[in-house]
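Trainee: Below is coords-v5.cif; it holds mmCIF, C-alpha atoms and all ligand atoms.
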data_entry
loop_
_atom_site.label_atom_id
_atom_site.label_comp_id
_atom_site.auth_asym_id
_atom_site.auth_seq_id
_atom_site.Cartn_x
_atom_site.Cartn_y
_atom_site.Cartn_z
CA MET I 1 73.66 96.53 108.47
CA SER I 2 76.40 95.71 110.89
CA LEU I 3 77.54 92.40 112.28
CA ASP I 4 77.28 94.13 115.65
CA HIS I 5 73.62 93.23 115.27
CA ALA I 6 74.50 89.55 115.01
CA PRO I 7 75.84 88.79 118.49
CA HIS I 8 75.51 85.05 117.94
CA LEU I 9 78.31 85.40 115.41
CA HIS I 10 80.65 87.00 117.94
CA ARG I 11 81.71 83.90 119.82
CA GLY I 12 85.42 83.76 119.21
CA GLN I 13 86.35 80.48 117.60
CA ARG I 14 82.78 79.65 116.52
CA GLY I 15 82.56 81.79 113.43
CA GLY I 16 85.35 83.69 111.77
CA TRP I 17 84.61 86.15 109.02
CA VAL I 18 85.93 89.19 107.17
CA GLU I 19 84.54 92.72 107.28
CA VAL I 20 85.88 95.42 104.96
CA ILE I 21 85.37 99.12 105.65
CA THR I 22 86.24 101.04 102.53
CA GLY I 23 85.71 104.36 100.76
CA VAL I 24 87.43 107.68 100.14
CA MET I 25 89.82 109.37 102.57
CA PHE I 26 87.98 111.35 105.30
CA SER I 27 84.92 109.10 104.96
CA GLY I 28 85.28 107.88 108.54
CA LYS I 29 86.86 104.45 107.96
CA SER I 30 89.21 104.79 110.93
CA GLU I 31 86.39 106.12 113.12
CA GLU I 32 84.22 103.13 112.17
CA MET I 33 87.07 100.70 112.75
CA LEU I 34 87.76 102.24 116.16
CA ARG I 35 84.07 101.99 117.02
CA ARG I 36 84.05 98.27 116.18
CA VAL I 37 87.31 97.70 118.05
CA ARG I 38 86.01 99.56 121.12
CA ARG I 39 82.81 97.51 121.11
CA SER I 40 84.82 94.30 120.84
CA LEU I 41 86.85 95.40 123.87
CA ILE I 42 83.61 96.15 125.76
CA ALA I 43 82.49 92.62 124.85
CA GLY I 44 85.66 91.31 126.49
CA ARG I 45 87.20 90.02 123.27
CA SER I 46 90.95 89.89 122.82
CA VAL I 47 91.78 92.34 120.06
CA GLN I 48 94.85 93.14 117.99
CA VAL I 49 95.15 96.15 115.69
CA PHE I 50 97.66 96.41 112.86
CA LYS I 51 98.28 99.22 110.45
CA SER I 52 100.55 99.79 107.50
CA HIS I 53 103.78 101.48 108.56
CA LEU I 54 103.29 103.83 105.57
CA ASP I 55 100.49 105.65 107.33
CA ASP I 56 101.99 108.32 109.59
CA ARG I 57 98.95 110.46 110.22
CA TYR I 58 99.46 112.58 113.33
CA ALA I 59 102.93 111.02 113.62
CA GLY I 60 101.12 108.39 115.70
CA LEU I 61 102.84 105.34 114.25
CA LEU I 62 101.69 103.22 117.14
CA HIS I 63 98.05 104.27 117.02
CA VAL I 64 95.06 103.94 114.78
CA SER I 65 94.03 107.59 114.68
CA SER I 66 90.78 109.01 113.44
CA HIS I 67 90.57 112.64 112.44
CA ASP I 68 88.81 113.51 115.67
CA GLY I 69 91.88 112.39 117.62
CA ARG I 70 90.63 109.15 119.22
CA LYS I 71 93.31 106.50 119.41
CA ILE I 72 93.93 102.85 120.10
CA GLU I 73 97.36 101.31 120.05
CA ALA I 74 98.21 99.54 116.79
CA LEU I 75 101.22 97.58 115.62
CA PRO I 76 102.84 99.02 112.49
CA VAL I 77 103.57 96.35 109.87
CA SER I 78 105.23 96.50 106.47
CA SER I 79 103.92 93.26 104.97
CA SER I 80 101.16 90.68 105.14
CA VAL I 81 103.68 88.10 106.36
CA GLU I 82 104.38 90.29 109.37
CA ILE I 83 100.68 90.22 110.26
CA ALA I 84 100.64 86.42 109.95
CA GLU I 85 103.67 86.24 112.27
CA LYS I 86 102.40 88.73 114.85
CA ALA I 87 98.74 87.68 115.00
CA ARG I 88 98.28 85.80 118.28
CA SER I 89 96.34 82.57 118.17
CA GLU I 90 94.18 83.74 121.09
CA SER I 91 93.09 86.94 119.30
CA GLN I 92 89.36 86.87 118.64
CA VAL I 93 89.36 90.12 116.67
CA VAL I 94 92.10 91.31 114.32
CA ALA I 95 91.77 94.79 112.80
CA ILE I 96 93.96 96.00 109.94
CA ASP I 97 93.97 99.70 109.00
CA GLU I 98 95.27 101.31 105.78
CA ALA I 99 95.29 97.91 104.06
CA GLN I 100 95.60 99.48 100.58
CA PHE I 101 99.32 99.81 101.26
CA LEU I 102 99.79 96.08 101.93
CA ASP I 103 100.85 93.37 99.46
CA ALA I 104 98.55 90.88 97.71
CA GLY I 105 99.42 88.22 100.33
CA ILE I 106 97.06 89.97 102.74
CA VAL I 107 94.14 88.14 101.10
CA ARG I 108 95.55 84.75 102.09
CA VAL I 109 96.45 85.95 105.60
CA VAL I 110 92.99 87.44 106.20
CA ASN I 111 91.28 84.30 104.87
CA SER I 112 93.35 82.01 107.06
CA LEU I 113 92.66 84.12 110.18
CA ALA I 114 88.92 84.01 109.43
CA ASP I 115 89.09 80.26 108.69
CA GLY I 116 90.64 79.83 112.15
CA GLY I 117 87.66 81.57 113.78
CA THR I 118 88.87 85.18 113.98
CA ARG I 119 86.71 88.22 113.23
CA VAL I 120 88.86 90.20 110.82
CA ILE I 121 88.10 93.89 110.26
CA VAL I 122 89.98 95.42 107.35
CA SER I 123 89.94 99.10 106.46
CA GLY I 124 91.41 100.77 103.40
CA THR I 125 90.68 103.20 100.60
CA ASP I 126 89.40 101.43 97.50
CA MET I 127 90.67 103.81 94.82
CA ASP I 128 94.01 105.49 94.25
CA PHE I 129 94.27 109.20 93.36
CA ARG I 130 93.50 108.34 89.71
CA GLY I 131 90.23 106.63 90.62
CA GLU I 132 91.67 103.19 89.86
CA PRO I 133 91.32 100.14 92.17
CA PHE I 134 93.93 100.33 94.92
CA GLY I 135 96.28 97.41 95.70
CA PRO I 136 94.70 94.41 97.47
CA ILE I 137 91.42 96.15 98.40
CA PRO I 138 89.39 94.89 95.38
CA ALA I 139 90.33 91.28 96.22
CA LEU I 140 89.54 91.84 99.90
CA LEU I 141 86.09 93.18 98.95
CA ALA I 142 85.51 89.98 97.00
CA ILE I 143 86.34 87.60 99.85
CA ALA I 144 84.61 89.60 102.62
CA GLU I 145 81.39 88.51 104.29
CA GLN I 146 80.50 92.18 104.85
CA VAL I 147 81.48 95.34 102.98
CA ASP I 148 80.70 98.89 104.05
CA LYS I 149 81.54 101.63 101.58
CA LEU I 150 81.61 105.02 103.30
CA HIS I 151 81.45 108.46 101.72
CA ALA I 152 82.94 111.80 102.67
CA ILE I 153 81.71 115.24 101.61
CA CYS I 154 83.07 116.68 98.38
CA VAL I 155 85.03 119.77 99.39
CA VAL I 156 84.20 121.42 96.04
CA CYS I 157 80.42 120.97 95.68
CA GLY I 158 79.13 119.42 98.91
CA GLU I 159 77.80 116.21 97.31
CA LEU I 160 78.90 112.78 98.52
CA ALA I 161 82.60 112.24 97.86
CA THR I 162 83.92 108.94 96.53
CA ARG I 163 87.31 109.92 95.07
CA ASN I 164 90.71 110.81 96.46
CA GLN I 165 91.93 114.04 94.89
CA ARG I 166 95.72 114.36 94.99
CA LEU I 167 96.99 117.94 94.90
CA ILE I 168 100.53 119.17 94.38
CA GLY I 169 101.04 122.83 95.14
CA GLY I 170 97.26 123.15 95.34
CA ARG I 171 96.75 121.84 91.75
CA PRO I 172 95.40 118.43 90.61
CA ALA I 173 98.27 115.95 90.37
CA PRO I 174 98.89 114.30 87.00
CA ALA I 175 98.10 110.61 86.48
CA GLU I 176 101.72 109.54 85.98
CA GLY I 177 102.73 110.15 89.60
CA PRO I 178 103.47 107.12 91.82
CA THR I 179 100.42 105.50 93.39
CA ILE I 180 102.06 105.53 96.81
CA GLN I 181 104.09 108.64 97.49
CA VAL I 182 106.02 108.47 100.75
CA GLY I 183 107.00 111.71 102.43
CA GLY I 184 105.86 113.76 99.43
CA THR I 185 104.59 117.34 99.47
CA GLU I 186 101.21 116.36 98.05
CA SER I 187 97.93 116.70 99.86
CA TYR I 188 94.56 115.02 99.46
CA GLU I 189 90.94 116.10 99.32
CA ALA I 190 87.70 114.14 99.20
CA ARG I 191 85.78 114.85 95.98
CA CYS I 192 82.81 113.48 94.05
CA ARG I 193 83.16 111.88 90.61
CA ARG I 194 82.25 115.13 88.85
CA CYS I 195 84.75 117.31 90.73
CA HIS I 196 87.59 114.74 90.70
CA GLU I 197 90.37 115.90 88.37
CA VAL I 198 93.24 113.81 86.99
CA PRO I 199 95.23 115.51 84.23
CA PRO I 200 96.18 112.81 81.68
CA ARG I 201 99.44 110.94 81.70
CA ASP I 202 102.09 112.72 79.59
CA ARG I 203 102.27 109.90 76.99
CA SER I 204 98.57 109.80 76.22
CA GLN I 205 98.54 113.58 75.97
CA THR I 206 101.35 113.48 73.35
CA GLU I 207 99.52 110.67 71.53
CA LEU I 208 96.38 112.76 71.46
CA GLU I 209 98.24 115.73 69.98
CA ILE I 210 99.89 113.59 67.25
CA THR I 211 97.06 111.24 66.24
CA GLY I 212 93.95 112.88 67.53
CA HIS I 213 93.21 109.58 69.32
CA GLU I 214 93.62 108.79 72.93
CA SER I 215 95.98 105.90 73.63
CA GLU I 216 94.93 102.98 75.81
CA PRO I 217 95.37 103.77 79.47
CA ALA I 218 98.58 102.17 80.77
P1 LIG J 301 89.29 107.90 107.01
O1 LIG J 301 89.88 106.83 107.91
O2 LIG J 301 88.22 107.37 106.09
O3 LIG J 301 90.33 108.70 106.27
P2 LIG J 301 88.71 109.28 109.47
O4 LIG J 301 87.89 108.36 110.33
O5 LIG J 301 90.15 109.38 109.80
O6 LIG J 301 88.49 108.94 107.93
O7 LIG J 301 88.12 110.77 109.54
C1 LIG J 301 86.76 111.08 109.36
C2 LIG J 301 86.53 112.51 109.88
O8 LIG J 301 87.18 113.44 109.02
C3 LIG J 301 85.08 112.96 109.85
O9 LIG J 301 84.39 112.57 111.01
C4 LIG J 301 85.20 114.48 109.80
O10 LIG J 301 85.30 115.01 111.10
C5 LIG J 301 86.56 114.72 109.14
N1 LIG J 301 86.50 115.28 107.79
C6 LIG J 301 87.44 116.12 107.25
N2 LIG J 301 87.17 116.42 105.96
C7 LIG J 301 86.03 115.76 105.64
C8 LIG J 301 85.24 115.66 104.43
N3 LIG J 301 85.57 116.29 103.30
N4 LIG J 301 84.13 114.87 104.46
C9 LIG J 301 83.78 114.25 105.60
N5 LIG J 301 84.48 114.30 106.75
C10 LIG J 301 85.60 115.03 106.79
ZN ZN J 302 81.80 117.55 93.87
#
Hey, can you dump this file as structure tokens for me?
Ligand code: ADP
Ligand code: ZN
Mentor:
Amino acid sequence: MSLDHAPHLHRGQRGGWVEVITGVMFSGKSEEMLRRVRRSLIAGRSVQVFKSHLDDRYAGLLHVSSHDGRKIEALPVSSSVEIAEKARSESQVVAIDEAQFLDAGIVRVVNSLADGGTRVIVSGTDMDFRGEPFGPIPALLAIAEQVDKLHAICVVCGELATRNQRLIGGRPAPAEGPTIQVGGTESYEARCRRCHEVPPRDRSQTELEITGHESEPA
């Protein structure tokens, strides 16, 4: 179900709300966001697109890019405050891509935009490479009027993929790596729960060897 089917809700200042598009990398979040943005432009709405400056896919810092190469110009931002400052009062639609990289303040900013009558479309991956909730996305899911969780295809078995597999040198990356790795040599694959591999953190592995018990996850 899409709010595109609820045109009565699309009247600018009448009804603001929050839509979150989430799921694993390669699940089509950017494509879906672009589709919604394009349709808003067709409807004559004034639209602004922001994205985290940490996303440099296709070196297109000024564009929201989907993997099929479609683009719309986006403003790179490094914090939620920057979005609050740069959002124009006349914008009827505000889209925010790669929101997992933003700070917790994004929840307040998104809520206040929606309270002021703006349609806010947020996209971001919901789990980090360990399969744990990623940054502000869980809170954004909670406050959203609409949530769409998309799936990719597991590159190992062909089932629906829900997890981000981080690889370093082609091998599954251990859990202790940083959640956000900027300019690293790692790569990512979409995988299902069964094929997702996260070698344990060093400490818990040592604990297991000494005591035979797994330590609490950090
Ligand atoms: P996201 O924003 O969720 O990372 P994109 O919209 O940028 O996703 O890209 C989605 C596109 O990626 C798909 O339409 C497809 O062409 C391509 N793709 C590459 N690998 C996969 C995969 N494992 N599963 C599904 N789609 C994939
Ligand atoms: Zn699989």
Trainee: I want to know what sits within 10 Å of Asp115 (chain I), based on only C-alpha atoms, with residues of the same chain fewer than 6 positions away left out; could you give that as a list in words?
Mentor: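 Close residues of Asp115 (chain I): Gln13, Gly15, Gly16, Trp17, Val18 and Val109 of chain I.
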Trainee: Return as a ChimeraX atom specification the residues of protein, DNA or RNA that approach ligand ZN 302 (chain J) to within 7 Å, with only C-alpha atoms and all ligand atoms taken into account.
Mentor: /I:154-159,161,191-195
Trainee: Can you write just those residues out, C-alpha atoms, as an mmCIF file, in the frame of the given file?
Mentor:
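And here's again.cif as it stands now:
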data_model
loop_
_atom_site.group_PDB
_atom_site.id
_atom_site.type_symbol
_atom_site.label_atom_id
_atom_site.label_comp_id
_atom_site.auth_asym_id
_atom_site.auth_seq_id
_atom_site.Cartn_x
_atom_site.Cartn_y
_atom_site.Cartn_z
ATOM 1 C CA CYS I 154 83.070 116.680 98.380
ATOM 2 C CA VAL I 155 85.030 119.770 99.390
ATOM 3 C CA VAL I 156 84.200 121.420 96.040
ATOM 4 C CA CYS I 157 80.420 120.970 95.680
ATOM 5 C CA GLY I 158 79.130 119.420 98.910
ATOM 6 C CA GLU I 159 77.800 116.210 97.310
ATOM 7 C CA ALA I 161 82.600 112.240 97.860
ATOM 8 C CA ARG I 191 85.780 114.850 95.980
ATOM 9 C CA CYS I 192 82.810 113.480 94.050
ATOM 10 C CA ARG I 193 83.160 111.880 90.610
ATOM 11 C CA ARG I 194 82.250 115.130 88.850
ATOM 12 C CA CYS I 195 84.750 117.310 90.730
#
Trainee: Could you give me, as JSON lines, a per-residue list for chain I showing, wherever an atom lies at most 7 Å from an atom of ligand LIG 301 (chain J), the closest pair of atoms and their distance in Å to one decimal, using only C-alpha atoms and all ligand atoms and sorting by chain then residue number from low to high?
Mentor:
{"residue": "I:Gly23", "atom": "CA", "partner": "J:LIG301", "partner_atom": "O2", "distance": 6.6}
{"residue": "I:Val24", "atom": "CA", "partner": "J:LIG301", "partner_atom": "O2", "distance": 6.0}
{"residue": "I:Met25", "atom": "CA", "partner": "J:LIG301", "partner_atom": "O3", "distance": 3.8}
{"residue": "I:Phe26", "atom": "CA", "partner": "J:LIG301", "partner_atom": "O6", "distance": 3.6}
{"residue": "I:Ser27", "atom": "CA", "partner": "J:LIG301", "partner_atom": "O2", "distance": 3.9}
{"residue": "I:Gly28", "atom": "CA", "partner": "J:LIG301", "partner_atom": "O4", "distance": 3.2}
{"residue": "I:Lys29", "atom": "CA", "partner": "J:LIG301", "partner_atom": "O2", "distance": 3.7}
{"residue": "I:Ser30", "atom": "CA", "partner": "J:LIG301", "partner_atom": "O1", "distance": 3.7}
{"residue": "I:Glu31", "atom": "CA", "partner": "J:LIG301", "partner_atom": "O4", "distance": 3.9}
{"residue": "I:Glu32", "atom": "CA", "partner": "J:LIG301", "partner_atom": "O4", "distance": 6.6}
{"residue": "I:Ser65", "atom": "CA", "partner": "J:LIG301", "partner_atom": "O5", "distance": 6.5}
{"residue": "I:Ser66", "atom": "CA", "partner": "J:LIG301", "partner_atom": "O5", "distance": 3.7}
{"residue": "I:His67", "atom": "CA", "partner": "J:LIG301", "partner_atom": "O5", "distance": 4.2}
{"residue": "I:Asp68", "atom": "CA", "partner": "J:LIG301", "partner_atom": "O10", "distance": 6.0}
{"residue": "I:Ala152", "atom": "CA", "partner": "J:LIG301", "partner_atom": "N4", "distance": 3.7}
{"residue": "I:Ile153", "atom": "CA", "partner": "J:LIG301", "partner_atom": "N4", "distance": 3.8}
{"residue": "I:Cys154", "atom": "CA", "partner": "J:LIG301", "partner_atom": "N3", "distance": 5.5}
{"residue": "I:Val155", "atom": "CA", "partner": "J:LIG301", "partner_atom": "N3", "distance": 5.3}
{"residue": "I:Glu189", "atom": "CA", "partner": "J:LIG301", "partner_atom": "N3", "distance": 6.7}
{"residue": "I:Ala190", "atom": "CA", "partner": "J:LIG301", "partner_atom": "N3", "distance": 5.1}
Trainee: For Val147 (chain I), list every protein, DNA or RNA residue within 10 Å, evaluated using all atoms listed in the file, and leave out those in the same chain fewer than 2 positions away; present the list as a PyMOL selection string.
Mentor: chain I and resi 1-2+18-22+121-123+140-145+149-150
Trainee: Once you have the residues from the selection above, write them out as a PDB file, in the coordinates of the input, restricted to C-alpha atoms.
Mentor:
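Output saved as again-v2.pdb:
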ATOM      1  CA  MET I   1      73.660  96.530 108.470  1.00  0.00           C
ATOM      2  CA  SER I   2      76.400  95.710 110.890  1.00  0.00           C
ATOM      3  CA  VAL I  18      85.930  89.190 107.170  1.00  0.00           C
ATOM      4  CA  GLU I  19      84.540  92.720 107.280  1.00  0.00           C
ATOM      5  CA  VAL I  20      85.880  95.420 104.960  1.00  0.00           C
ATOM      6  CA  ILE I  21      85.370  99.120 105.650  1.00  0.00           C
ATOM      7  CA  THR I  22      86.240 101.040 102.530  1.00  0.00           C
ATOM      8  CA  ILE I 121      88.100  93.890 110.260  1.00  0.00           C
ATOM      9  CA  VAL I 122      89.980  95.420 107.350  1.00  0.00           C
ATOM     10  CA  SER I 123      89.940  99.100 106.460  1.00  0.00           C
ATOM     11  CA  LEU I 140      89.540  91.840  99.900  1.00  0.00           C
ATOM     12  CA  LEU I 141      86.090  93.180  98.950  1.00  0.00           C
ATOM     13  CA  ALA I 142      85.510  89.980  97.000  1.00  0.00           C
ATOM     14  CA  ILE I 143      86.340  87.600  99.850  1.00  0.00           C
ATOM     15  CA  ALA I 144      84.610  89.600 102.620  1.00  0.00           C
ATOM     16  CA  GLU I 145      81.390  88.510 104.290  1.00  0.00           C
ATOM     17  CA  LYS I 149      81.540 101.630 101.580  1.00  0.00           C
ATOM     18  CA  LEU I 150      81.610 105.020 103.300  1.00  0.00           C
TER      19      LEU I 150
END
Trainee: Can you tell me which residues surround Ala175 (chain I) at a distance of at most 7 Å, considering only C-alpha atoms, apart from same-chain residues fewer than 3 positions away, and format the answer as a ChimeraX atom specification?
Mentor: /I:130,198-201
Trainee: Counting only C-alpha atoms, figure out which residue out of I:Arg108, I:Arg166, I:Arg35, I:Arg119 gets nearest to Gln48 (chain I).
Mentor: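 Distance minimum relative to Gln48 (chain I) lands on I:Arg119.
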Trainee: In Å, how far is it from CA of Gly169 (chain I) to CA of Gly184 (chain I)?
Mentor: 11.1 Å
